[in-house]
Amino acid sequence: MKKKTFDREAIRQARAEDAAYLDSTDTSAEMAQETHWLKFEWAPREDRCDRCGAKMQPFPIDLPLSGGRVVLRQVARYVCQTPGCGQTRLVPAVAALAGEIESLVKRVLPTGAATPIASPWPHAAQMREGGSEYETGAPGQP
């Protein structure tokens with residue numbers, strides 16, 4: 001079996017010749033004839049890490065807002081899986097919704113109110129009193 005080899009010096013020489021040709025060639029006449037130019041506009045993807053650029057994985061979390069008065073259940077949070085990075089952030093739509101909810105709760109409730117908001121569903125109140133999300137009976141019964 002014959003081993004394939006590359007002549008690196010020949011490759012460097014060819015690149016240098018190409019670069020010299022492009023540096024010395026005037027392309028303004030060709031540019032004037034072009035009617036359509038492609039314009040590239042960079043837009044960051046929401047699932048890319050700001051720190052390292054790797055793809056982030058979405059994980060569901062419960063997001064408490066306003067000191068636990070409101071909880072958004074099972075919302076997506078991005079976590080970077082690159083070793084040593086660990087950057088986290090909310091999905092932009094969830095972050096915007098959370099900000100709107102926070103401002104609404106601050107407008108509606110007084111700032112010093114320590115009482116939680118009463119639930120309109122008695123079953124949810126029973127589950128909260130029992131301390132378990134899976135408790136379905138009366139308070140104190142499994």
# chains A, B, ... in the order shown; residues from 1 in each chain; ligands from 1

$ select_by_dssp --residues "segment 22-109 of chain A" --states "helix (DSSP H, G or I)" --output "PyMOL selection string"
chain A and resi 22-24+28-33+66-68+92-108

$ write_last_selection --atoms "N, CA and C atoms" --output "tab-separated table (two decimals), in the first residue's frame"
chain	number	residue	atom	x	y	z
A	22	LEU	N	-4.01	37.94	-6.61
A	22	LEU	CA	-5.21	38.65	-6.14
A	22	LEU	C	-4.88	40.04	-5.63
A	23	ASP	N	-3.70	40.20	-5.04
A	23	ASP	CA	-3.30	41.52	-4.55
A	23	ASP	C	-3.01	42.49	-5.70
A	24	SER	N	-2.55	41.96	-6.82
A	24	SER	CA	-2.16	42.83	-7.93
A	24	SER	C	-3.26	43.00	-8.98
A	28	SER	N	-12.27	46.13	-10.03
A	28	SER	CA	-13.32	47.15	-9.97
A	28	SER	C	-14.23	47.10	-11.20
A	29	ALA	N	-13.71	46.72	-12.37
A	29	ALA	CA	-14.55	46.64	-13.57
A	29	ALA	C	-15.58	45.53	-13.42
A	30	GLU	N	-15.16	44.39	-12.87
A	30	GLU	CA	-16.10	43.29	-12.66
A	30	GLU	C	-17.13	43.65	-11.58
A	31	MET	N	-16.69	44.38	-10.58
A	31	MET	CA	-17.60	44.75	-9.49
A	31	MET	C	-18.68	45.71	-9.99
A	32	ALA	N	-18.34	46.58	-10.92
A	32	ALA	CA	-19.33	47.53	-11.46
A	32	ALA	C	-20.39	46.82	-12.28
A	33	GLN	N	-20.05	45.68	-12.88
A	33	GLN	CA	-21.01	44.95	-13.70
A	33	GLN	C	-21.97	44.11	-12.87
A	66	SER	N	-40.84	36.69	42.05
A	66	SER	CA	-41.38	37.55	43.12
A	66	SER	C	-41.31	36.87	44.47
A	67	GLY	N	-40.15	36.36	44.81
A	67	GLY	CA	-39.97	35.75	46.11
A	67	GLY	C	-40.75	34.47	46.29
A	68	GLY	N	-41.05	33.76	45.24
A	68	GLY	CA	-41.79	32.51	45.32
A	68	GLY	C	-43.29	32.65	45.22
A	92	PRO	N	-34.80	33.21	25.63
A	92	PRO	CA	-35.17	34.63	25.58
A	92	PRO	C	-36.67	34.90	25.75
A	93	ALA	N	-37.52	34.07	25.18
A	93	ALA	CA	-38.96	34.29	25.33
A	93	ALA	C	-39.39	34.11	26.78
A	94	VAL	N	-38.81	33.14	27.47
A	94	VAL	CA	-39.12	32.90	28.88
A	94	VAL	C	-38.60	34.05	29.74
A	95	ALA	N	-37.41	34.54	29.41
A	95	ALA	CA	-36.85	35.67	30.17
A	95	ALA	C	-37.73	36.91	30.02
A	96	ALA	N	-38.24	37.16	28.82
A	96	ALA	CA	-39.13	38.30	28.61
A	96	ALA	C	-40.43	38.13	29.38
A	97	LEU	N	-41.00	36.92	29.35
A	97	LEU	CA	-42.23	36.64	30.09
A	97	LEU	C	-42.00	36.80	31.60
A	98	ALA	N	-40.88	36.31	32.09
A	98	ALA	CA	-40.57	36.43	33.52
A	98	ALA	C	-40.45	37.90	33.94
A	99	GLY	N	-39.84	38.70	33.09
A	99	GLY	CA	-39.73	40.13	33.39
A	99	GLY	C	-41.08	40.82	33.44
A	100	GLU	N	-41.97	40.46	32.52
A	100	GLU	CA	-43.32	41.04	32.52
A	100	GLU	C	-44.10	40.61	33.76
A	101	ILE	N	-43.98	39.35	34.14
A	101	ILE	CA	-44.69	38.86	35.33
A	101	ILE	C	-44.16	39.55	36.58
A	102	GLU	N	-42.84	39.69	36.69
A	102	GLU	CA	-42.25	40.39	37.84
A	102	GLU	C	-42.78	41.82	37.96
A	103	SER	N	-42.81	42.55	36.84
A	103	SER	CA	-43.29	43.93	36.89
A	103	SER	C	-44.78	43.98	37.22
A	104	LEU	N	-45.56	43.03	36.73
A	104	LEU	CA	-46.99	42.98	37.04
A	104	LEU	C	-47.22	42.71	38.52
A	105	VAL	N	-46.50	41.76	39.08
A	105	VAL	CA	-46.66	41.43	40.50
A	105	VAL	C	-46.25	42.62	41.36
A	106	LYS	N	-45.21	43.34	40.98
A	106	LYS	CA	-44.77	44.51	41.75
A	106	LYS	C	-45.81	45.62	41.70
A	107	ARG	N	-46.51	45.75	40.56
A	107	ARG	CA	-47.55	46.79	40.46
A	107	ARG	C	-48.80	46.40	41.25
A	108	VAL	N	-49.16	45.11	41.22
A	108	VAL	CA	-50.42	44.67	41.82
A	108	VAL	C	-50.30	44.50	43.33

$ atom_distance --atom1 "atom CA of Pro44 of chain A" --atom2 "atom CA of Phe59 of chain A"
20.1 Å

$ atom_distance --atom1 "atom CA of Ala20 of chain A" --atom2 "atom CA of Leu38 of chain A"
25.4 Å
